[in-house]
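Colleague: So that you have it, the file is my_file.cif, and it contains mmCIF, C-alpha atoms:
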data_run
#
loop_
_atom_site.label_atom_id
_atom_site.label_comp_id
_atom_site.auth_asym_id
_atom_site.auth_seq_id
_atom_site.Cartn_x
_atom_site.Cartn_y
_atom_site.Cartn_z
CA MET G 177 -7.10 -21.36 -44.19
CA THR G 178 -6.24 -17.86 -45.30
CA SER G 179 -4.93 -17.12 -48.79
CA THR G 180 -1.41 -17.16 -47.38
CA GLY G 181 -1.87 -20.64 -46.02
CA ALA G 182 -1.79 -19.49 -42.39
CA PRO G 183 -4.51 -20.86 -40.08
CA SER G 184 -7.37 -18.51 -39.22
CA ALA G 185 -7.40 -16.95 -35.80
CA ILE G 186 -9.65 -18.77 -33.36
CA PRO G 187 -12.50 -16.46 -32.28
CA THR G 188 -12.48 -15.65 -28.60
CA SER G 189 -15.03 -14.00 -26.35
CA PRO G 190 -14.08 -10.43 -25.45
CA VAL G 191 -13.07 -9.90 -21.85
CA PRO G 192 -15.59 -7.49 -20.29
CA ALA G 193 -14.12 -4.23 -19.11
CA PRO G 194 -14.20 -3.64 -15.36
CA PRO G 195 -16.91 -1.25 -14.13
CA VAL G 196 -16.26 2.47 -13.90
CA LEU G 197 -15.19 3.59 -10.42
CA ALA G 198 -14.41 7.24 -11.20
CA GLU G 199 -14.88 9.75 -13.99
CA ILE G 200 -12.84 12.75 -15.11
CA VAL G 201 -15.09 15.78 -15.62
CA ARG G 202 -13.56 18.92 -17.16
CA SER G 203 -15.65 22.02 -17.87
CA GLY G 204 -18.80 19.96 -17.50
CA PHE G 205 -17.62 17.39 -20.06
CA THR G 206 -16.76 13.81 -19.07
CA GLU G 207 -13.41 13.22 -20.75
CA GLY G 208 -12.43 9.89 -19.29
CA HIS G 209 -13.02 7.07 -16.82
CA HIS G 210 -11.10 4.95 -14.33
CA ARG G 211 -12.32 1.36 -14.01
CA GLY G 212 -11.68 -1.24 -11.38
CA SER G 213 -12.99 -3.53 -8.65
CA LEU G 214 -13.94 -2.94 -5.02
CA VAL G 215 -15.19 -4.84 -2.00
CA LEU G 216 -16.71 -3.69 1.29
CA LEU G 217 -16.89 -5.96 4.34
CA ALA G 218 -19.37 -5.56 7.19
CA ALA G 219 -18.17 -5.60 10.79
CA ASP G 220 -18.84 -9.35 11.03
CA GLY G 221 -16.63 -9.99 7.98
CA THR G 222 -19.40 -10.73 5.50
CA VAL G 223 -19.24 -9.18 2.06
CA GLU G 224 -21.54 -6.17 2.07
CA HIS G 225 -20.96 -4.69 -1.39
CA THR G 226 -18.88 -5.47 -4.46
CA ILE G 227 -18.09 -3.79 -7.75
CA GLY G 228 -16.35 -5.71 -10.51
CA ASP G 229 -14.52 -8.90 -9.55
CA PRO G 230 -12.92 -8.58 -6.09
CA ALA G 231 -12.14 -12.31 -6.01
CA ALA G 232 -9.74 -12.05 -8.95
CA PRO G 233 -6.08 -12.01 -7.84
CA VAL G 234 -4.20 -8.72 -7.87
CA PHE G 235 -0.77 -7.69 -6.71
CA PRO G 236 -1.55 -5.58 -3.61
CA ARG G 237 1.88 -4.00 -3.92
CA SER G 238 2.64 -1.99 -0.76
CA SER G 239 -0.75 -2.84 0.74
CA ASN G 240 0.98 -6.14 1.60
CA LYS G 241 3.44 -4.34 3.88
CA PRO G 242 1.55 -4.94 7.14
CA MET G 243 1.79 -8.68 6.45
CA GLN G 244 5.49 -8.38 5.65
CA ALA G 245 6.04 -6.52 8.93
CA ALA G 246 4.12 -9.20 10.85
CA ALA G 247 6.37 -11.85 9.32
CA ILE G 248 9.42 -9.91 10.48
CA LEU G 249 8.03 -9.94 14.04
CA ARG G 250 7.20 -13.64 13.84
CA ALA G 251 10.77 -14.26 12.73
CA GLY G 252 11.97 -12.81 16.03
CA LEU G 253 12.87 -9.16 15.49
CA ASP G 254 11.64 -7.08 18.41
CA LEU G 255 10.31 -3.90 16.82
CA SER G 256 7.79 -1.45 18.22
CA GLY G 257 6.62 2.14 17.92
CA GLU G 258 8.01 4.23 15.10
CA ARG G 259 10.41 1.48 14.03
CA LEU G 260 7.61 -1.01 13.47
CA ALA G 261 5.51 1.61 11.67
CA LEU G 262 8.44 2.36 9.35
CA ALA G 263 8.87 -1.37 8.69
CA ALA G 264 5.33 -1.30 7.20
CA ALA G 265 5.80 2.01 5.40
CA SER G 266 5.82 3.51 1.96
CA HIS G 267 7.44 6.57 3.45
CA SER G 268 7.54 10.00 1.82
CA GLY G 269 11.29 10.41 2.16
CA GLU G 270 11.04 13.14 4.77
CA PRO G 271 14.14 13.65 6.94
CA PHE G 272 12.65 11.85 9.94
CA HIS G 273 11.94 8.79 7.78
CA LEU G 274 15.48 8.63 6.43
CA ASP G 275 17.07 9.27 9.82
CA LEU G 276 15.16 6.39 11.44
CA ALA G 277 15.90 4.01 8.57
CA ARG G 278 19.62 4.74 8.93
CA THR G 279 19.36 4.24 12.70
CA MET G 280 17.61 0.88 12.28
CA LEU G 281 20.41 -0.30 10.00
CA ALA G 282 23.18 0.94 12.30
CA GLU G 283 21.57 -0.74 15.33
CA HIS G 284 22.24 -4.11 13.68
CA GLY G 285 25.68 -3.39 12.28
CA LEU G 286 24.32 -2.61 8.83
CA SER G 287 24.66 0.35 6.49
CA THR G 288 22.82 1.77 3.50
CA ASP G 289 25.18 -0.28 1.30
CA ASP G 290 23.37 -3.43 2.49
CA LEU G 291 20.04 -2.24 1.11
CA LEU G 292 18.91 -3.79 -2.17
CA THR G 293 16.28 -1.14 -2.86
CA PRO G 294 16.75 0.65 -6.19
CA PRO G 295 18.12 4.19 -5.86
CA ASP G 296 15.23 6.63 -5.96
CA LEU G 297 14.00 10.10 -5.07
CA PRO G 298 11.64 10.77 -2.16
CA LEU G 299 8.11 9.62 -2.94
CA ASP G 300 6.54 12.92 -1.87
CA PRO G 301 6.89 15.53 -4.67
CA VAL G 302 7.56 18.35 -2.18
CA GLU G 303 10.33 16.33 -0.56
CA ALA G 304 11.72 15.33 -3.96
CA GLU G 305 12.02 18.96 -5.05
CA ALA G 306 13.76 19.96 -1.82
CA TYR G 307 16.05 16.94 -2.05
CA LEU G 308 17.15 17.80 -5.59
CA ALA G 309 17.48 21.50 -4.79
CA ALA G 310 19.94 20.57 -2.05
CA GLY G 311 22.15 18.89 -4.65
CA ASN G 312 21.32 15.30 -3.70
CA VAL G 313 21.05 12.33 -6.05
CA ARG G 314 18.97 9.17 -6.03
CA GLU G 315 19.94 6.84 -3.17
CA ARG G 316 18.82 3.46 -1.89
CA ILE G 317 17.86 4.88 1.50
CA THR G 318 15.58 7.45 -0.13
CA MET G 319 13.43 4.81 -1.84
CA ASN G 320 10.06 4.61 -0.08
CA CYS G 321 10.53 0.96 0.96
CA SER G 322 13.85 1.47 2.75
CA GLY G 323 12.28 1.12 6.20
CA LYS G 324 10.85 -2.28 5.29
CA HIS G 325 14.17 -3.36 3.83
CA ALA G 326 16.06 -2.15 6.92
CA ALA G 327 13.78 -4.33 9.07
CA MET G 328 14.18 -7.31 6.74
CA LEU G 329 17.96 -7.01 6.92
CA ALA G 330 17.84 -6.62 10.69
CA VAL G 331 15.86 -9.83 11.20
CA CYS G 332 18.34 -11.63 8.97
CA VAL G 333 21.19 -10.48 11.22
CA ARG G 334 19.20 -11.53 14.28
CA ASN G 335 18.66 -15.05 12.91
CA GLY G 336 21.98 -15.54 11.16
CA TRP G 337 20.32 -15.59 7.75
CA ASP G 338 22.15 -14.47 4.62
CA THR G 339 21.70 -10.73 4.12
CA ALA G 340 22.90 -10.75 0.51
CA THR G 341 19.93 -12.89 -0.59
CA TYR G 342 17.20 -11.51 1.66
CA LEU G 343 14.99 -10.75 -1.36
CA ASP G 344 15.17 -14.22 -2.90
CA PRO G 345 11.74 -15.93 -2.89
CA GLY G 346 13.33 -19.02 -1.33
CA HIS G 347 14.90 -17.08 1.56
CA PRO G 348 13.51 -18.16 4.97
CA LEU G 349 12.08 -14.68 5.58
CA GLN G 350 10.28 -14.49 2.25
CA ARG G 351 8.82 -17.98 2.67
CA LEU G 352 7.44 -16.83 6.02
CA VAL G 353 5.99 -13.69 4.42
CA GLY G 354 4.09 -15.89 1.97
CA GLU G 355 2.66 -17.92 4.83
CA VAL G 356 1.52 -14.81 6.69
CA VAL G 357 -0.11 -13.31 3.59
CA ALA G 358 -2.07 -16.50 2.86
CA GLU G 359 -3.12 -16.90 6.49
CA ALA G 360 -4.29 -13.31 6.86
CA ALA G 361 -6.14 -13.30 3.53
CA GLY G 362 -7.76 -16.65 4.14
CA GLU G 363 -6.80 -17.83 0.66
CA PRO G 364 -3.71 -19.23 -1.07
CA VAL G 365 -1.26 -16.95 -2.81
CA ALA G 366 -2.29 -17.01 -6.48
CA ALA G 367 0.93 -15.78 -8.04
CA LEU G 368 4.40 -14.66 -7.08
CA GLY G 369 6.04 -11.60 -8.60
CA THR G 370 8.65 -8.96 -7.86
CA ASP G 371 7.67 -5.61 -6.39
CA GLY G 372 9.16 -2.28 -7.42
CA CYS G 373 11.56 -2.42 -4.48
CA GLY G 374 12.76 -5.88 -5.49
CA ALA G 375 10.97 -7.83 -2.75
CA PRO G 376 8.85 -10.88 -3.57
CA LEU G 377 5.21 -9.96 -4.14
CA MET G 378 2.23 -12.21 -3.38
CA ALA G 379 -1.03 -11.96 -5.32
CA ILE G 380 -4.38 -12.35 -3.55
CA GLY G 381 -7.92 -11.21 -4.26
CA LEU G 382 -9.27 -7.89 -3.04
CA THR G 383 -11.66 -9.71 -0.73
CA GLY G 384 -8.70 -11.52 0.77
CA LEU G 385 -6.86 -8.23 1.14
CA ALA G 386 -9.79 -6.67 3.00
CA ARG G 387 -10.00 -9.77 5.22
CA ALA G 388 -6.30 -9.46 5.98
CA PHE G 389 -6.62 -5.86 7.15
CA ARG G 390 -9.70 -6.76 9.18
CA SER G 391 -7.79 -9.60 10.85
CA PHE G 392 -5.01 -7.22 11.88
CA VAL G 393 -7.26 -4.73 13.68
CA LEU G 394 -9.18 -7.54 15.41
CA ALA G 395 -6.14 -9.67 16.29
CA ALA G 396 -5.39 -10.49 19.91
CA PRO G 397 -3.36 -7.85 21.75
CA GLY G 398 0.31 -8.76 21.73
CA SER G 399 0.09 -10.85 18.55
CA ALA G 400 2.36 -9.91 15.68
CA GLU G 401 -0.60 -8.74 13.61
CA ARG G 402 -2.03 -6.54 16.34
CA ARG G 403 1.38 -5.10 17.15
CA VAL G 404 1.77 -4.03 13.53
CA ALA G 405 -1.72 -2.52 13.40
CA ASP G 406 -1.20 -0.68 16.69
CA ALA G 407 2.18 0.73 15.62
CA MET G 408 0.84 1.92 12.27
CA ARG G 409 -2.17 3.57 13.88
CA ALA G 410 -0.11 5.20 16.62
CA HIS G 411 2.54 6.54 14.22
CA PRO G 412 0.82 7.05 10.85
CA GLU G 413 3.27 9.74 9.75
CA TYR G 414 5.95 7.02 9.69
CA VAL G 415 3.74 4.75 7.56
CA ALA G 416 3.24 7.45 4.92
CA GLY G 417 4.14 11.08 5.54
CA THR G 418 2.81 14.42 6.66
CA ARG G 419 1.02 15.10 3.36
CA ARG G 420 -0.50 11.67 2.66
CA PRO G 421 -4.09 10.35 2.88
CA ASP G 422 -3.12 7.21 4.82
CA THR G 423 -1.71 9.45 7.55
CA TRP G 424 -4.74 11.75 7.58
CA LEU G 425 -7.18 8.84 7.81
CA MET G 426 -5.39 6.94 10.58
CA ARG G 427 -4.85 10.14 12.54
CA GLU G 428 -8.40 11.48 12.26
CA VAL G 429 -10.55 8.32 12.40
CA PRO G 430 -9.42 6.51 15.58
CA GLY G 431 -8.65 2.83 15.22
CA THR G 432 -8.41 2.87 11.41
CA LEU G 433 -5.69 0.93 9.59
CA SER G 434 -4.98 2.22 6.08
CA LYS G 435 -2.33 1.40 3.49
CA MET G 436 -2.13 2.25 -0.19
CA GLY G 437 -0.18 0.32 -2.77
CA ALA G 438 1.29 1.13 -6.15
CA GLU G 439 -0.84 0.68 -9.25
CA ALA G 440 -3.78 2.24 -7.38
CA VAL G 441 -4.48 -0.34 -4.68
CA GLN G 442 -5.98 0.64 -1.32
CA ALA G 443 -6.97 -1.33 1.77
CA VAL G 444 -8.59 -0.02 4.96
CA ALA G 445 -9.98 -1.61 8.11
CA LEU G 446 -11.97 0.23 10.77
CA ALA G 447 -11.70 -0.51 14.46
CA ASP G 448 -14.92 -2.56 14.54
CA GLY G 449 -13.93 -4.83 11.64
CA ARG G 450 -15.55 -3.05 8.71
CA ALA G 451 -13.08 -3.11 5.84
CA LEU G 452 -12.57 -2.25 2.19
CA ALA G 453 -10.17 -2.92 -0.62
CA PHE G 454 -10.08 -1.77 -4.20
CA LYS G 455 -7.86 -1.56 -7.25
CA ILE G 456 -8.14 0.91 -10.09
CA ASP G 457 -7.47 -1.11 -13.20
CA ASP G 458 -5.28 1.37 -15.06
CA GLY G 459 -3.11 1.99 -12.01
CA SER G 460 -3.84 5.72 -11.90
CA ALA G 461 -3.24 7.05 -8.39
CA ARG G 462 -5.09 10.27 -9.15
CA ALA G 463 -8.43 8.48 -8.68
CA LEU G 464 -7.47 6.88 -5.36
CA GLY G 465 -8.78 9.71 -3.20
CA PRO G 466 -12.26 10.03 -4.74
CA VAL G 467 -12.78 6.27 -4.80
CA LEU G 468 -11.50 5.85 -1.23
CA ALA G 469 -13.70 8.66 0.07
CA ARG G 470 -16.83 7.20 -1.53
CA ALA G 471 -16.02 3.72 -0.21
CA LEU G 472 -15.59 5.14 3.28
CA GLU G 473 -18.95 6.89 2.99
CA LEU G 474 -20.59 3.58 2.04
CA LEU G 475 -18.98 2.00 5.11
CA GLY G 476 -20.62 4.71 7.22
CA VAL G 477 -17.55 6.81 8.03
CA ASP G 478 -18.69 10.35 8.79
CA ALA G 479 -15.65 12.55 9.36
CA PRO G 480 -14.27 15.75 7.79
CA VAL G 481 -11.19 13.87 6.59
CA VAL G 482 -13.31 11.92 4.10
CA ALA G 483 -14.10 15.04 2.08
CA ARG G 484 -10.45 16.10 2.28
CA ILE G 485 -9.31 12.75 0.89
CA GLY G 486 -11.96 12.78 -1.82
CA ARG G 487 -11.22 16.21 -3.23
CA SER G 488 -9.41 15.88 -6.58
CA PRO G 489 -9.78 19.10 -8.62
CA LEU G 490 -8.77 19.58 -12.24
CA PHE G 491 -7.30 22.87 -13.45
CA GLY G 492 -7.36 24.84 -16.65
CA GLY G 493 -4.57 27.35 -16.35
CA ALA G 494 -4.79 28.62 -12.79
CA ALA G 495 -8.56 28.11 -12.51
CA GLU G 496 -10.34 25.05 -11.15
CA VAL G 497 -12.46 23.73 -14.02
CA GLY G 498 -13.47 20.23 -12.98
CA GLU G 499 -12.80 17.22 -10.81
CA ILE G 500 -12.22 13.50 -10.63
CA ARG G 501 -15.21 11.98 -8.85
CA ALA G 502 -16.45 8.55 -7.86
CA THR G 503 -19.35 7.13 -9.84
CA PHE G 504 -20.79 4.56 -7.40
#
Please lay out the structure from this file as structure tokens.

Modeller:
Amino acid sequence: MTSTGAPSAIPTSPVPAPPVLAEIVRSGFTEGHHRGSLVLLAADGTVEHTIGDPAAPVFPRSSNKPMQAAAILRAGLDLSGERLALAAASHSGEPFHLDLARTMLAEHGLSTDDLLTPPDLPLDPVEAEAYLAAGNVRERITMNCSGKHAAMLAVCVRNGWDTATYLDPGHPLQRLVGEVVAEAAGEPVAALGTDGCGAPLMAIGLTGLARAFRSFVLAAPGSAERRVADAMRAHPEYVAGTRRPDTWLMREVPGTLSKMGAEAVQAVALADGRALAFKIDDGSARALGPVLARALELLGVDAPVVARIGRSPLFGGAAEVGEIRATF
């Protein structure tokens, strides 16, 4: 007992810090690190390389969107092309994204008032500046998940499901999403949360996330999973935007499926089944590019886009004085 009569704290073993995935180097001095976990899968689906603990559950955030889109198809909504790509998108808020989201709502007798996304600015900083300069304010349609929500609402209309509660975890659509996530990952959902857009969020391990992306690119033609993968790969600018690494990668490495998620999550599958997934522990998106580029190199991807994705310079005034770079 302490002198105050309170019980002593029970000693506990310290939790080891995740390994370093990237370092911040300024003027030749390493001023910081980004830690996390990563997994690489070989073409046959076996684990080829790991860093940290890729079996530990994480919230994949928007990297779960392909599975959500597949659930929407399984529930009976007939989407294809740009519409299906937008249903799996974290769009930049460019005019063509917003126009299609509005069209998808109108096609099912819905409006932007039916969206339950939080009002937001465009995700892309260039688009956000232009949007504000034009005198606009935060809107639900502008939030980067509005395409997914438009598709969720549309399938509710198609099936006669309640549109006011489409984000409730017990809603028929969200129960189906959970089933699709677990099936694709090959593991049970470890935890249920709420994503930034308000939709239910299913936690799985990074290895399960990589398996899920691999299963989508290798799925039978015509299946919901393959339809989602094909739409995303055919229309990557609708999945992300014209200035986004997911778009660059899917456009320039044929057959690649790529989707980032908030809090620095990334999943990629190549056409032959090689796949990767990682999460940067502190959630810093600035290290995504360098870590993704190095992971792609380890998977054997040799394309100019890899260097473009990996470049992350640091500036001192107007001069480039350093970089964020992968350490593995």

Colleague: Would you mind telling me which residue in G:Asn335, G:Thr503, G:Thr222, G:Thr318 lies nearest to Asp275 (chain G) when using only C-alpha atoms?

Modeller: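 Going through G:Asn335, G:Thr503, G:Thr222, G:Thr318 one by one, the smallest distance to Asp275 (chain G) is for G:Thr318.
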
Colleague: Under the PyMOL selection byres ((chain G and resi 299) around 7), which residues of this model are included? Write them out as a PyMOL selection string.

Modeller: chain G and resi 268-269+297-298+300-301+304+320

Colleague: Within 6 Å of (-0.4, 0.7, -15.0), in the coordinates the file gives, what residues turn up when you count only C-alpha atoms, written out as a PyMOL selection string?

Modeller: chain G and resi 439+458-459

Colleague: Select, from G:Thr383, G:Leu214, G:His209, G:Arg427, the residue with the minimum atom-to-atom distance to Leu472 (chain G), counting all atoms listed in the file.

Modeller: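 Using all atoms listed in the file, Leu472 (chain G) sits closest to G:Leu214.
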
Colleague: For the atom pair CA of Ser460 (chain G) and CA of Gly354 (chain G), what is the interatomic distance in Å to one decimal place?

Modeller: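 Computing the Euclidean distance for CA of Ser460 (chain G) and CA of Gly354 (chain G) yields 26.9 Å.
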
Colleague: Within 10 Å of Phe392 (chain G), counting all atoms listed in the file, which residues show up once you throw out same-chain ones fewer than 3 positions away? Write them as number ranges by chain, please.

Modeller: G: 242-243, 246, 360, 387-389, 395-396, 399-406, 433, 445, 447, 449

Colleague: Given the file above and the PyMOL selection byres ((chain G and resi 497) around 12), which residues are selected, and can you give them as a JSON list (two decimals) with C-alpha atoms, in the frame of the given file?

Modeller:
[["chain", "number", "residue", "atom", "x", "y", "z"],
["G", 200, "ILE", "CA", -12.84, 12.75, -15.11],
["G", 201, "VAL", "CA", -15.09, 15.78, -15.62],
["G", 202, "ARG", "CA", -13.56, 18.92, -17.16],
["G", 203, "SER", "CA", -15.65, 22.02, -17.87],
["G", 204, "GLY", "CA", -18.80, 19.96, -17.50],
["G", 205, "PHE", "CA", -17.62, 17.39, -20.06],
["G", 206, "THR", "CA", -16.76, 13.81, -19.07],
["G", 488, "SER", "CA", -9.41, 15.88, -6.58],
["G", 489, "PRO", "CA", -9.78, 19.10, -8.62],
["G", 490, "LEU", "CA", -8.77, 19.58, -12.24],
["G", 491, "PHE", "CA", -7.30, 22.87, -13.45],
["G", 492, "GLY", "CA", -7.36, 24.84, -16.65],
["G", 493, "GLY", "CA", -4.57, 27.35, -16.35],
["G", 494, "ALA", "CA", -4.79, 28.62, -12.79],
["G", 495, "ALA", "CA", -8.56, 28.11, -12.51],
["G", 496, "GLU", "CA", -10.34, 25.05, -11.15],
["G", 498, "GLY", "CA", -13.47, 20.23, -12.98],
["G", 499, "GLU", "CA", -12.80, 17.22, -10.81],
["G", 500, "ILE", "CA", -12.22, 13.50, -10.63]]

Colleague: Give me, as a list in words, all polymer residues having an atom no more than 7 Å from Leu385 (chain G), counting all atoms listed in the file and skipping those fewer than 4 positions away in the same chain.

Modeller: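 Those residues are Ala361, Ile380, Gly381, Phe389, Ala443 and Ala453 of chain G.
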
Colleague: For this file, the PyMOL selection byres ((chain G and resi 475) around 10) selects which residues, as a count of residues only?

Modeller: 19

Colleague: Nearest to Ser213 (chain G) among G:Met280, G:Leu197, G:Met408, G:Ile485, with distances taken over all atoms listed in the file: which residue is it?

Modeller: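 Counting all atoms listed in the file, the residue closest to Ser213 (chain G) is G:Leu197.
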
Colleague: As a PDB file, keeping the file's coordinate frame, please: region 439-448 of chain G completed to all heavy atoms.

Modeller:
ATOM      1  N   GLU G 439       0.144   1.096  -8.261  1.00  0.00           N
ATOM      2  CA  GLU G 439      -0.840   0.680  -9.250  1.00  0.00           C
ATOM      3  C   GLU G 439      -2.264   0.815  -8.720  1.00  0.00           C
ATOM      4  O   GLU G 439      -3.162   0.053  -9.077  1.00  0.00           O
ATOM      5  CB  GLU G 439      -0.573  -0.732  -9.768  1.00  0.00           C
ATOM      6  CG  GLU G 439       0.717  -0.863 -10.552  1.00  0.00           C
ATOM      7  CD  GLU G 439       0.746   0.010 -11.806  1.00  0.00           C
ATOM      8  OE1 GLU G 439      -0.273   0.076 -12.508  1.00  0.00           O
ATOM      9  OE2 GLU G 439       1.806   0.612 -12.074  1.00  0.00           O
ATOM     10  N   ALA G 440      -2.449   1.831  -7.840  1.00  0.00           N
ATOM     11  CA  ALA G 440      -3.780   2.240  -7.380  1.00  0.00           C
ATOM     12  C   ALA G 440      -4.516   1.143  -6.631  1.00  0.00           C
ATOM     13  O   ALA G 440      -5.652   0.786  -6.948  1.00  0.00           O
ATOM     14  CB  ALA G 440      -4.613   2.755  -8.547  1.00  0.00           C
ATOM     15  N   VAL G 441      -3.864   0.607  -5.607  1.00  0.00           N
ATOM     16  CA  VAL G 441      -4.480  -0.340  -4.680  1.00  0.00           C
ATOM     17  C   VAL G 441      -4.658   0.367  -3.339  1.00  0.00           C
ATOM     18  O   VAL G 441      -3.816   1.170  -2.928  1.00  0.00           O
ATOM     19  CB  VAL G 441      -3.612  -1.592  -4.493  1.00  0.00           C
ATOM     20  CG1 VAL G 441      -4.221  -2.536  -3.459  1.00  0.00           C
ATOM     21  CG2 VAL G 441      -3.426  -2.317  -5.817  1.00  0.00           C
ATOM     22  N   GLN G 442      -5.744   0.070  -2.649  1.00  0.00           N
ATOM     23  CA  GLN G 442      -5.980   0.640  -1.320  1.00  0.00           C
ATOM     24  C   GLN G 442      -6.703  -0.378  -0.459  1.00  0.00           C
ATOM     25  O   GLN G 442      -7.628  -1.052  -0.926  1.00  0.00           O
ATOM     26  CB  GLN G 442      -6.835   1.907  -1.413  1.00  0.00           C
ATOM     27  CG  GLN G 442      -7.111   2.586  -0.085  1.00  0.00           C
ATOM     28  CD  GLN G 442      -5.921   3.344   0.458  1.00  0.00           C
ATOM     29  OE1 GLN G 442      -5.331   4.163  -0.258  1.00  0.00           O
ATOM     30  NE2 GLN G 442      -5.564   3.110   1.713  1.00  0.00           N
ATOM     31  N   ALA G 443      -6.281  -0.483   0.796  1.00  0.00           N
ATOM     32  CA  ALA G 443      -6.970  -1.330   1.770  1.00  0.00           C
ATOM     33  C   ALA G 443      -7.120  -0.544   3.066  1.00  0.00           C
ATOM     34  O   ALA G 443      -6.212   0.186   3.474  1.00  0.00           O
ATOM     35  CB  ALA G 443      -6.209  -2.625   2.017  1.00  0.00           C
ATOM     36  N   VAL G 444      -8.272  -0.710   3.709  1.00  0.00           N
ATOM     37  CA  VAL G 444      -8.590  -0.020   4.960  1.00  0.00           C
ATOM     38  C   VAL G 444      -9.391  -0.954   5.844  1.00  0.00           C
ATOM     39  O   VAL G 444     -10.260  -1.684   5.344  1.00  0.00           O
ATOM     40  CB  VAL G 444      -9.407   1.269   4.709  1.00  0.00           C
ATOM     41  CG1 VAL G 444      -9.830   1.921   6.031  1.00  0.00           C
ATOM     42  CG2 VAL G 444      -8.626   2.263   3.856  1.00  0.00           C
ATOM     43  N   ALA G 445      -9.120  -0.942   7.139  1.00  0.00           N
ATOM     44  CA  ALA G 445      -9.980  -1.610   8.110  1.00  0.00           C
ATOM     45  C   ALA G 445     -10.285  -0.634   9.231  1.00  0.00           C
ATOM     46  O   ALA G 445      -9.391   0.083   9.700  1.00  0.00           O
ATOM     47  CB  ALA G 445      -9.322  -2.870   8.664  1.00  0.00           C
ATOM     48  N   LEU G 446     -11.545  -0.593   9.645  1.00  0.00           N
ATOM     49  CA  LEU G 446     -11.970   0.230  10.770  1.00  0.00           C
ATOM     50  C   LEU G 446     -11.880  -0.565  12.058  1.00  0.00           C
ATOM     51  O   LEU G 446     -11.771  -1.796  12.048  1.00  0.00           O
ATOM     52  CB  LEU G 446     -13.393   0.741  10.542  1.00  0.00           C
ATOM     53  CG  LEU G 446     -13.621   1.501   9.229  1.00  0.00           C
ATOM     54  CD1 LEU G 446     -15.089   1.913   9.102  1.00  0.00           C
ATOM     55  CD2 LEU G 446     -12.713   2.716   9.142  1.00  0.00           C
ATOM     56  N   ALA G 447     -11.938   0.128  13.170  1.00  0.00           N
ATOM     57  CA  ALA G 447     -11.700  -0.510  14.460  1.00  0.00           C
ATOM     58  C   ALA G 447     -12.681  -1.634  14.764  1.00  0.00           C
ATOM     59  O   ALA G 447     -12.339  -2.600  15.461  1.00  0.00           O
ATOM     60  CB  ALA G 447     -11.756   0.547  15.570  1.00  0.00           C
ATOM     61  N   ASP G 448     -13.911  -1.544  14.238  1.00  0.00           N
ATOM     62  CA  ASP G 448     -14.920  -2.560  14.540  1.00  0.00           C
ATOM     63  C   ASP G 448     -14.929  -3.718  13.562  1.00  0.00           C
ATOM     64  O   ASP G 448     -15.760  -4.629  13.672  1.00  0.00           O
ATOM     65  CB  ASP G 448     -16.309  -1.925  14.587  1.00  0.00           C
ATOM     66  CG  ASP G 448     -16.759  -1.357  13.232  1.00  0.00           C
ATOM     67  OD1 ASP G 448     -15.972  -1.425  12.264  1.00  0.00           O
ATOM     68  OD2 ASP G 448     -17.890  -0.835  13.157  1.00  0.00           O
TER      69      ASP G 448
END
